[in-house]
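Participant: Data: protein37.pdb, PDB, C-alpha atoms.
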```pdb
ATOM      1  CA  MET A  30     101.227  96.216  88.096  1.00  0.00           C
ATOM      2  CA  TRP A  31      97.600  95.497  87.198  1.00  0.00           C
ATOM      3  CA  GLN A  32      98.214  95.646  83.466  1.00  0.00           C
ATOM      4  CA  LYS A  33     100.686  92.743  83.737  1.00  0.00           C
ATOM      5  CA  SER A  34      98.727  90.917  86.412  1.00  0.00           C
ATOM      6  CA  PHE A  35      98.516  87.158  86.389  1.00  0.00           C
ATOM      7  CA  ILE A  36      95.035  87.034  87.936  1.00  0.00           C
ATOM      8  CA  LEU A  37      92.986  89.529  85.902  1.00  0.00           C
ATOM      9  CA  LYS A  38      90.804  87.960  83.243  1.00  0.00           C
ATOM     10  CA  GLU A  39      87.773  88.807  81.146  1.00  0.00           C
ATOM     11  CA  VAL A  40      85.581  89.297  84.227  1.00  0.00           C
ATOM     12  CA  ASN A  41      86.575  90.182  87.774  1.00  0.00           C
ATOM     13  CA  ILE A  42      84.054  90.316  90.603  1.00  0.00           C
ATOM     14  CA  LEU A  43      84.028  92.956  93.347  1.00  0.00           C
ATOM     15  CA  GLU A  44      81.811  93.638  96.339  1.00  0.00           C
ATOM     16  CA  ASP A  45      79.322  96.479  95.979  1.00  0.00           C
ATOM     17  CA  PRO A  46      79.815  98.927  97.606  1.00  0.00           C
ATOM     18  CA  ILE A  47      83.599  98.958  97.536  1.00  0.00           C
ATOM     19  CA  HIS A  48      86.481 101.369  97.972  1.00  0.00           C
ATOM     20  CA  TYR A  49      86.400 103.634  94.931  1.00  0.00           C
ATOM     21  CA  GLY A  50      90.195 103.599  94.552  1.00  0.00           C
ATOM     22  CA  LEU A  51      90.301  99.846  93.927  1.00  0.00           C
ATOM     23  CA  LEU A  52      87.475 100.086  91.421  1.00  0.00           C
ATOM     24  CA  ASN A  53      89.360 102.838  89.626  1.00  0.00           C
ATOM     25  CA  VAL A  54      92.625 100.892  89.424  1.00  0.00           C
ATOM     26  CA  ILE A  55      91.050  97.777  87.921  1.00  0.00           C
ATOM     27  CA  SER A  56      88.717  99.521  85.479  1.00  0.00           C
ATOM     28  CA  LYS A  57      91.510 101.884  84.355  1.00  0.00           C
ATOM     29  CA  TYR A  58      93.092  99.050  82.388  1.00  0.00           C
ATOM     30  CA  GLY A  59      89.874  98.034  80.644  1.00  0.00           C
ATOM     31  CA  TYR A  60      89.047  94.912  82.613  1.00  0.00           C
ATOM     32  CA  SER A  61      85.394  94.071  83.033  1.00  0.00           C
ATOM     33  CA  ILE A  62      83.999  94.266  86.543  1.00  0.00           C
ATOM     34  CA  ASN A  63      80.909  92.538  87.870  1.00  0.00           C
ATOM     35  CA  SER A  64      79.606  94.027  91.098  1.00  0.00           C
ATOM     36  CA  VAL A  65      77.879  91.810  93.633  1.00  0.00           C
ATOM     37  CA  GLU A  66      75.826  93.484  96.340  1.00  0.00           C
ATOM     38  CA  VAL A  67      76.594  93.194 100.041  1.00  0.00           C
ATOM     39  CA  ASP A  68      74.046  92.783 102.834  1.00  0.00           C
ATOM     40  CA  ASN A  69      74.267  92.155 106.605  1.00  0.00           C
ATOM     41  CA  ASN A  70      75.932  88.755 105.945  1.00  0.00           C
ATOM     42  CA  GLY A  71      78.516  90.043 103.471  1.00  0.00           C
ATOM     43  CA  MET A  72      78.706  89.456  99.728  1.00  0.00           C
ATOM     44  CA  ARG A  73      75.510  87.958  98.274  1.00  0.00           C
ATOM     45  CA  THR A  74      77.057  84.724  96.992  1.00  0.00           C
ATOM     46  CA  ASP A  75      73.689  83.726  95.512  1.00  0.00           C
ATOM     47  CA  LYS A  76      74.297  86.549  92.993  1.00  0.00           C
ATOM     48  CA  LEU A  77      77.604  85.071  91.771  1.00  0.00           C
ATOM     49  CA  ASN A  78      76.593  83.995  88.309  1.00  0.00           C
ATOM     50  CA  THR A  79      78.486  84.450  85.094  1.00  0.00           C
ATOM     51  CA  ASN A  80      79.200  82.306  82.088  1.00  0.00           C
ATOM     52  CA  ASN A  81      82.439  84.186  81.458  1.00  0.00           C
ATOM     53  CA  GLU A  82      85.919  83.292  82.608  1.00  0.00           C
ATOM     54  CA  VAL A  83      86.598  84.902  85.996  1.00  0.00           C
ATOM     55  CA  GLY A  84      90.006  86.135  87.142  1.00  0.00           C
ATOM     56  CA  PHE A  85      89.245  86.864  90.779  1.00  0.00           C
ATOM     57  CA  VAL A  86      86.607  87.738  93.341  1.00  0.00           C
ATOM     58  CA  TYR A  87      87.607  90.556  95.720  1.00  0.00           C
ATOM     59  CA  VAL A  88      86.088  90.539  99.222  1.00  0.00           C
ATOM     60  CA  THR A  89      86.633  92.096 102.631  1.00  0.00           C
ATOM     61  CA  PRO A  90      85.034  89.234 104.583  1.00  0.00           C
ATOM     62  CA  SER A  91      86.087  90.037 108.149  1.00  0.00           C
ATOM     63  CA  HIS A  92      84.838  93.629 108.086  1.00  0.00           C
ATOM     64  CA  GLN A  93      83.303  94.680 104.767  1.00  0.00           C
ATOM     65  CA  PHE A  94      84.287  98.155 103.716  1.00  0.00           C
ATOM     66  CA  PRO A  95      82.345 100.459 103.927  1.00  0.00           C
ATOM     67  CA  LEU A  96      79.276  98.694 105.435  1.00  0.00           C
ATOM     68  CA  GLY A  97      81.006  96.698 108.188  1.00  0.00           C
ATOM     69  CA  SER A  98      79.261  93.346 107.671  1.00  0.00           C
ATOM     70  CA  VAL A  99      81.017  90.009 108.243  1.00  0.00           C
ATOM     71  CA  LEU A 100      80.809  87.333 105.540  1.00  0.00           C
ATOM     72  CA  SER A 101      78.947  84.397 107.079  1.00  0.00           C
ATOM     73  CA  ILE A 102      80.564  80.961 107.150  1.00  0.00           C
ATOM     74  CA  GLN A 103      77.900  79.625 104.758  1.00  0.00           C
ATOM     75  CA  ARG A 104      78.738  82.320 102.230  1.00  0.00           C
ATOM     76  CA  ARG A 105      82.460  81.755 102.724  1.00  0.00           C
ATOM     77  CA  ILE A 106      81.969  78.123 101.769  1.00  0.00           C
ATOM     78  CA  GLU A 107      79.797  79.102  98.770  1.00  0.00           C
ATOM     79  CA  LEU A 108      82.448  81.581  97.639  1.00  0.00           C
ATOM     80  CA  VAL A 109      85.198  78.955  97.832  1.00  0.00           C
ATOM     81  CA  LYS A 110      83.022  76.533  95.820  1.00  0.00           C
ATOM     82  CA  PHE A 111      82.431  79.239  93.194  1.00  0.00           C
ATOM     83  CA  ALA A 112      86.184  79.878  92.915  1.00  0.00           C
ATOM     84  CA  GLU A 113      86.837  76.165  92.477  1.00  0.00           C
ATOM     85  CA  GLU A 114      84.133  75.847  89.810  1.00  0.00           C
ATOM     86  CA  LYS A 115      85.379  78.915  87.914  1.00  0.00           C
ATOM     87  CA  ASN A 116      89.058  78.102  88.457  1.00  0.00           C
ATOM     88  CA  CYS A 117      89.624  81.624  89.738  1.00  0.00           C
ATOM     89  CA  TYR A 118      91.112  83.206  92.834  1.00  0.00           C
ATOM     90  CA  ILE A 119      89.580  84.961  95.801  1.00  0.00           C
ATOM     91  CA  VAL A 120      91.398  88.103  96.919  1.00  0.00           C
ATOM     92  CA  GLU A 121      90.738  88.319 100.646  1.00  0.00           C
ATOM     93  CA  ASP A 122      91.500  91.810 101.920  1.00  0.00           C
ATOM     94  CA  ASP A 123      91.755  91.339 105.670  1.00  0.00           C
ATOM     95  CA  TYR A 124      92.629  94.921 106.478  1.00  0.00           C
ATOM     96  CA  ASP A 125      90.897  95.109 109.858  1.00  0.00           C
ATOM     97  CA  SER A 126      90.333  91.658 111.391  1.00  0.00           C
ATOM     98  CA  GLU A 127      92.770  91.918 114.291  1.00  0.00           C
ATOM     99  CA  PHE A 128      90.425  94.108 116.326  1.00  0.00           C
ATOM    100  CA  ARG A 129      87.131  92.283 116.703  1.00  0.00           C
ATOM    101  CA  TYR A 130      84.974  93.110 119.725  1.00  0.00           C
ATOM    102  CA  GLY A 131      81.793  91.087 119.317  1.00  0.00           C
ATOM    103  CA  GLY A 132      80.779  87.608 118.247  1.00  0.00           C
ATOM    104  CA  GLN A 133      82.915  84.585 117.605  1.00  0.00           C
ATOM    105  CA  PRO A 134      86.094  84.850 115.523  1.00  0.00           C
ATOM    106  CA  VAL A 135      85.546  83.662 111.960  1.00  0.00           C
ATOM    107  CA  SER A 136      88.144  81.694 110.011  1.00  0.00           C
ATOM    108  CA  SER A 137      89.707  83.429 107.072  1.00  0.00           C
ATOM    109  CA  LEU A 138      88.902  82.282 103.565  1.00  0.00           C
ATOM    110  CA  TYR A 139      92.588  81.490 103.226  1.00  0.00           C
ATOM    111  CA  GLU A 140      92.269  78.925 106.014  1.00  0.00           C
ATOM    112  CA  LEU A 141      89.390  77.285 104.125  1.00  0.00           C
ATOM    113  CA  GLU A 142      91.215  77.021 100.792  1.00  0.00           C
ATOM    114  CA  PRO A 143      94.865  78.180 100.684  1.00  0.00           C
ATOM    115  CA  ASP A 144      95.288  77.098  97.038  1.00  0.00           C
ATOM    116  CA  ARG A 145      92.478  79.365  95.894  1.00  0.00           C
ATOM    117  CA  VAL A 146      92.844  82.464  98.130  1.00  0.00           C
ATOM    118  CA  ILE A 147      95.222  85.421  97.900  1.00  0.00           C
ATOM    119  CA  TYR A 148      95.314  86.906 101.395  1.00  0.00           C
ATOM    120  CA  ILE A 149      96.322  90.557 101.732  1.00  0.00           C
ATOM    121  CA  GLY A 150      96.618  92.871 104.689  1.00  0.00           C
ATOM    122  CA  SER A 151      98.337  95.928 106.057  1.00  0.00           C
ATOM    123  CA  PHE A 152     100.171  96.943 109.194  1.00  0.00           C
ATOM    124  CA  SER A 153      98.820 100.505 108.958  1.00  0.00           C
ATOM    125  CA  LYS A 154      95.704  99.812 111.040  1.00  0.00           C
ATOM    126  CA  ILE A 155      97.339  97.687 113.738  1.00  0.00           C
ATOM    127  CA  LEU A 156     100.576  99.626 114.234  1.00  0.00           C
ATOM    128  CA  ALA A 157     100.578 103.112 112.693  1.00  0.00           C
ATOM    129  CA  PRO A 158      98.952 104.774 109.662  1.00  0.00           C
ATOM    130  CA  SER A 159     102.337 106.153 108.623  1.00  0.00           C
ATOM    131  CA  LEU A 160     103.765 102.622 108.376  1.00  0.00           C
ATOM    132  CA  ARG A 161     102.957 101.970 104.725  1.00  0.00           C
ATOM    133  CA  LEU A 162     103.747  98.249 104.732  1.00  0.00           C
ATOM    134  CA  GLY A 163     101.425  95.476 103.690  1.00  0.00           C
ATOM    135  CA  TYR A 164     101.693  91.765 103.130  1.00  0.00           C
ATOM    136  CA  ILE A 165     100.395  89.117 100.810  1.00  0.00           C
ATOM    137  CA  ILE A 166     100.073  85.368 101.303  1.00  0.00           C
ATOM    138  CA  LEU A 167      99.859  83.592  97.972  1.00  0.00           C
ATOM    139  CA  PRO A 168      98.907  80.105  96.881  1.00  0.00           C
ATOM    140  CA  ASP A 169     102.127  78.196  96.140  1.00  0.00           C
ATOM    141  CA  ALA A 170     101.326  78.088  92.406  1.00  0.00           C
ATOM    142  CA  LEU A 171     101.401  81.912  92.171  1.00  0.00           C
ATOM    143  CA  ILE A 172     104.641  82.603  94.051  1.00  0.00           C
ATOM    144  CA  PRO A 173     107.074  82.322  91.091  1.00  0.00           C
ATOM    145  CA  LYS A 174     104.923  84.586  88.892  1.00  0.00           C
ATOM    146  CA  TYR A 175     104.482  87.102  91.691  1.00  0.00           C
ATOM    147  CA  LEU A 176     108.192  87.269  92.490  1.00  0.00           C
ATOM    148  CA  LYS A 177     108.991  87.975  88.855  1.00  0.00           C
ATOM    149  CA  LEU A 178     106.296  90.665  88.660  1.00  0.00           C
ATOM    150  CA  LYS A 179     107.399  92.249  91.947  1.00  0.00           C
ATOM    151  CA  MET A 180     110.988  92.427  90.764  1.00  0.00           C
ATOM    152  CA  TYR A 181     109.921  94.702  87.891  1.00  0.00           C
ATOM    153  CA  THR A 182     107.297  96.778  89.687  1.00  0.00           C
ATOM    154  CA  ASP A 183     108.627  97.394  93.192  1.00  0.00           C
ATOM    155  CA  VAL A 184     112.342  98.028  93.202  1.00  0.00           C
ATOM    156  CA  HIS A 185     112.268 100.977  95.607  1.00  0.00           C
ATOM    157  CA  THR A 186     110.630  99.585  98.727  1.00  0.00           C
ATOM    158  CA  GLU A 187     112.117 101.257 101.786  1.00  0.00           C
ATOM    159  CA  SER A 188     114.132  98.635 103.688  1.00  0.00           C
ATOM    160  CA  MET A 189     114.649 100.016 107.206  1.00  0.00           C
ATOM    161  CA  SER A 190     110.946  99.822 108.130  1.00  0.00           C
ATOM    162  CA  GLN A 191     110.775  96.289 106.753  1.00  0.00           C
ATOM    163  CA  LEU A 192     113.804  95.175 108.786  1.00  0.00           C
ATOM    164  CA  VAL A 193     112.477  96.729 112.001  1.00  0.00           C
ATOM    165  CA  LEU A 194     109.032  95.189 111.420  1.00  0.00           C
ATOM    166  CA  ALA A 195     110.582  91.767 110.721  1.00  0.00           C
ATOM    167  CA  LYS A 196     112.421  91.948 114.060  1.00  0.00           C
ATOM    168  CA  PHE A 197     109.204  93.045 115.808  1.00  0.00           C
ATOM    169  CA  LEU A 198     107.408  90.008 114.322  1.00  0.00           C
ATOM    170  CA  ASP A 199     110.231  87.560 115.060  1.00  0.00           C
ATOM    171  CA  ASP A 200     110.328  88.645 118.699  1.00  0.00           C
ATOM    172  CA  GLY A 201     106.566  88.015 119.098  1.00  0.00           C
ATOM    173  CA  LYS A 202     105.913  91.657 119.878  1.00  0.00           C
ATOM    174  CA  LEU A 203     103.142  92.064 117.297  1.00  0.00           C
ATOM    175  CA  GLU A 204     100.911  89.516 119.053  1.00  0.00           C
ATOM    176  CA  ARG A 205     101.530  91.196 122.407  1.00  0.00           C
ATOM    177  CA  HIS A 206     100.776  94.606 120.906  1.00  0.00           C
ATOM    178  CA  ILE A 207      97.501  93.387 119.361  1.00  0.00           C
ATOM    179  CA  TRP A 208      96.422  91.757 122.635  1.00  0.00           C
ATOM    180  CA  LYS A 209      97.209  94.930 124.600  1.00  0.00           C
ATOM    181  CA  MET A 210      95.397  97.172 122.105  1.00  0.00           C
ATOM    182  CA  LYS A 211      92.309  94.912 122.024  1.00  0.00           C
ATOM    183  CA  LYS A 212      91.989  95.270 125.786  1.00  0.00           C
ATOM    184  CA  GLU A 213      92.531  99.034 125.614  1.00  0.00           C
ATOM    185  CA  TYR A 214      90.027  99.560 122.782  1.00  0.00           C
ATOM    186  CA  ALA A 215      87.455  97.331 124.521  1.00  0.00           C
ATOM    187  CA  ARG A 216      87.863  99.418 127.687  1.00  0.00           C
ATOM    188  CA  LYS A 217      87.344 102.630 125.693  1.00  0.00           C
ATOM    189  CA  ARG A 218      84.233 101.207 124.033  1.00  0.00           C
ATOM    190  CA  GLN A 219      82.757 100.315 127.438  1.00  0.00           C
ATOM    191  CA  THR A 220      83.501 103.828 128.723  1.00  0.00           C
ATOM    192  CA  GLN A 221      81.669 105.376 125.762  1.00  0.00           C
ATOM    193  CA  LYS A 222      78.504 103.300 126.268  1.00  0.00           C
TER     194      LYS A 222
END
```
What is this file in C-alpha cells?

Facilitator:
Amino acid sequence: MWQKSFILKEVNILEDPIHYGLLNVISKYGYSINSVEVDNNGMRTDKLNTNNEVGFVYVTPSHQFPLGSVLSIQRRIELVKFAEEKNCYIVEDDYDSEFRYGGQPVSSLYELEPDRVIYIGSFSKILAPSLRLGYIILPDALIPKYLKLKMYTDVHTESMSQLVLAKFLDDGKLERHIWKMKKEYARKRQTQK
C-alpha cells in the first residue's frame, strides 16, 4: 500500500522515538524520513523545519508512543500551521485516547483542521486485542483516491467482525462500554495506589 500511497512525498516527518514497525514500513520503500524529537509536551514543533516538499507528519498526540506524553494545544496549533504552510497532511494516530485518567481532555488534531488531518485508530485497545479492526477518517479530498487504493490492496477483509462491530456502534454500545471500562480502570488504579 505504501508504495502506491497518495500522501508519501520526498520527505515525511515522524516522531522520535516511534514504533519501529512504522519506521520500517515507510523506509522500506525508499522514502526519506525526518525524525523530530518528543519531550514532555509531545513533538517538538519548533524543530519542524525543512525546505523540501513534505508528504505527511505522523504523530500520536493523545498518548505518544512509547513515552506517553500528550501534545500540548500550543504545539497542536503549530503543527496544523506547519501542515498548511507545507501543504501536507498530519497523520494522527489516536490509538489510545479513549482511556484518559488525568487532566482535561484535549481536542484531536482532526477537530482543529479536518481538511489537513488523517485520523486513524483501532478497536483493539478498547474492545479486544484479537479484534484486528481499525478505522480511518479522511479529509474529503482524499476519499476517492483512498477508495480506489483500498479496492486494490484490501480485498480480503473479514466481514463478520465488521458487521457485528457496526451493529455494536449503531446501537450506542461502544460509548457505554468505554464509559463502564473507564470507571473500572479508574477504580483499579486507585486500588493500586

Participant: Taking into account all atoms listed in the file, which residue in the set A:Leu51, A:Val135, A:Ile147, A:Val193 is nearest to A:Leu162?

Facilitator: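 Among the listed residues, the smallest separation from A:Leu162 belongs to A:Val193.
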
Participant: Looking at A:Asn81, A:Ser91, A:Ser101, A:Asn70, which one is nearest to A:Asn116, with distances taken over all atoms listed in the file?

Facilitator: A:Asn81

Participant: Once the PyMOL selection byres ((chain A and resi 117) around 12) has been applied to the shown file, what residues remain in the selection, as a PyMOL selection string?

Facilitator: chain A and resi 35-42+81-87+108-116+118-120+144-147+168

Participant: Calculated over only C-alpha atoms, which of the candidates A:Asp123, A:Ser61, A:Val67, A:Leu156 has the smallest distance to A:Leu198?

Facilitator: A:Leu156

Participant: Evaluate the PyMOL selection byres ((chain A and resi 92-99) around 7) against this structure - the residues, as a list in words, please.

Facilitator: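 Against this file, the PyMOL selection byres ((chain A and resi 92-99) around 7) returns the residues Pro46, Ile47, His48, Asn69, Asn70, Gly71, Thr89, Pro90, Ser91, Leu100, Ser101, Asp125 and Ser126 of chain A.
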
Participant: Name all residues at most 7 Å from A:Leu138 (count all atoms listed in the file; drop same-chain ones fewer than 3 positions away) and give them as number ranges by chain.

Facilitator: A: 105, 121, 141-142, 146

Participant: What residues come out when you apply the PyMOL selection byres ((chain A and resi 200-207) around 12) to this file, written as a tab-separated table (two decimals) with C-alpha atoms, in the coordinates of the input?

Facilitator:
```tsv
chain	number	residue	atom	x	y	z
A	125	ASP	CA	90.90	95.11	109.86
A	126	SER	CA	90.33	91.66	111.39
A	127	GLU	CA	92.77	91.92	114.29
A	128	PHE	CA	90.42	94.11	116.33
A	129	ARG	CA	87.13	92.28	116.70
A	152	PHE	CA	100.17	96.94	109.19
A	154	LYS	CA	95.70	99.81	111.04
A	155	ILE	CA	97.34	97.69	113.74
A	156	LEU	CA	100.58	99.63	114.23
A	157	ALA	CA	100.58	103.11	112.69
A	193	VAL	CA	112.48	96.73	112.00
A	194	LEU	CA	109.03	95.19	111.42
A	195	ALA	CA	110.58	91.77	110.72
A	196	LYS	CA	112.42	91.95	114.06
A	197	PHE	CA	109.20	93.04	115.81
A	198	LEU	CA	107.41	90.01	114.32
A	199	ASP	CA	110.23	87.56	115.06
A	208	TRP	CA	96.42	91.76	122.64
A	209	LYS	CA	97.21	94.93	124.60
A	210	MET	CA	95.40	97.17	122.10
A	211	LYS	CA	92.31	94.91	122.02
A	212	LYS	CA	91.99	95.27	125.79
A	213	GLU	CA	92.53	99.03	125.61
A	214	TYR	CA	90.03	99.56	122.78
A	215	ALA	CA	87.46	97.33	124.52
```
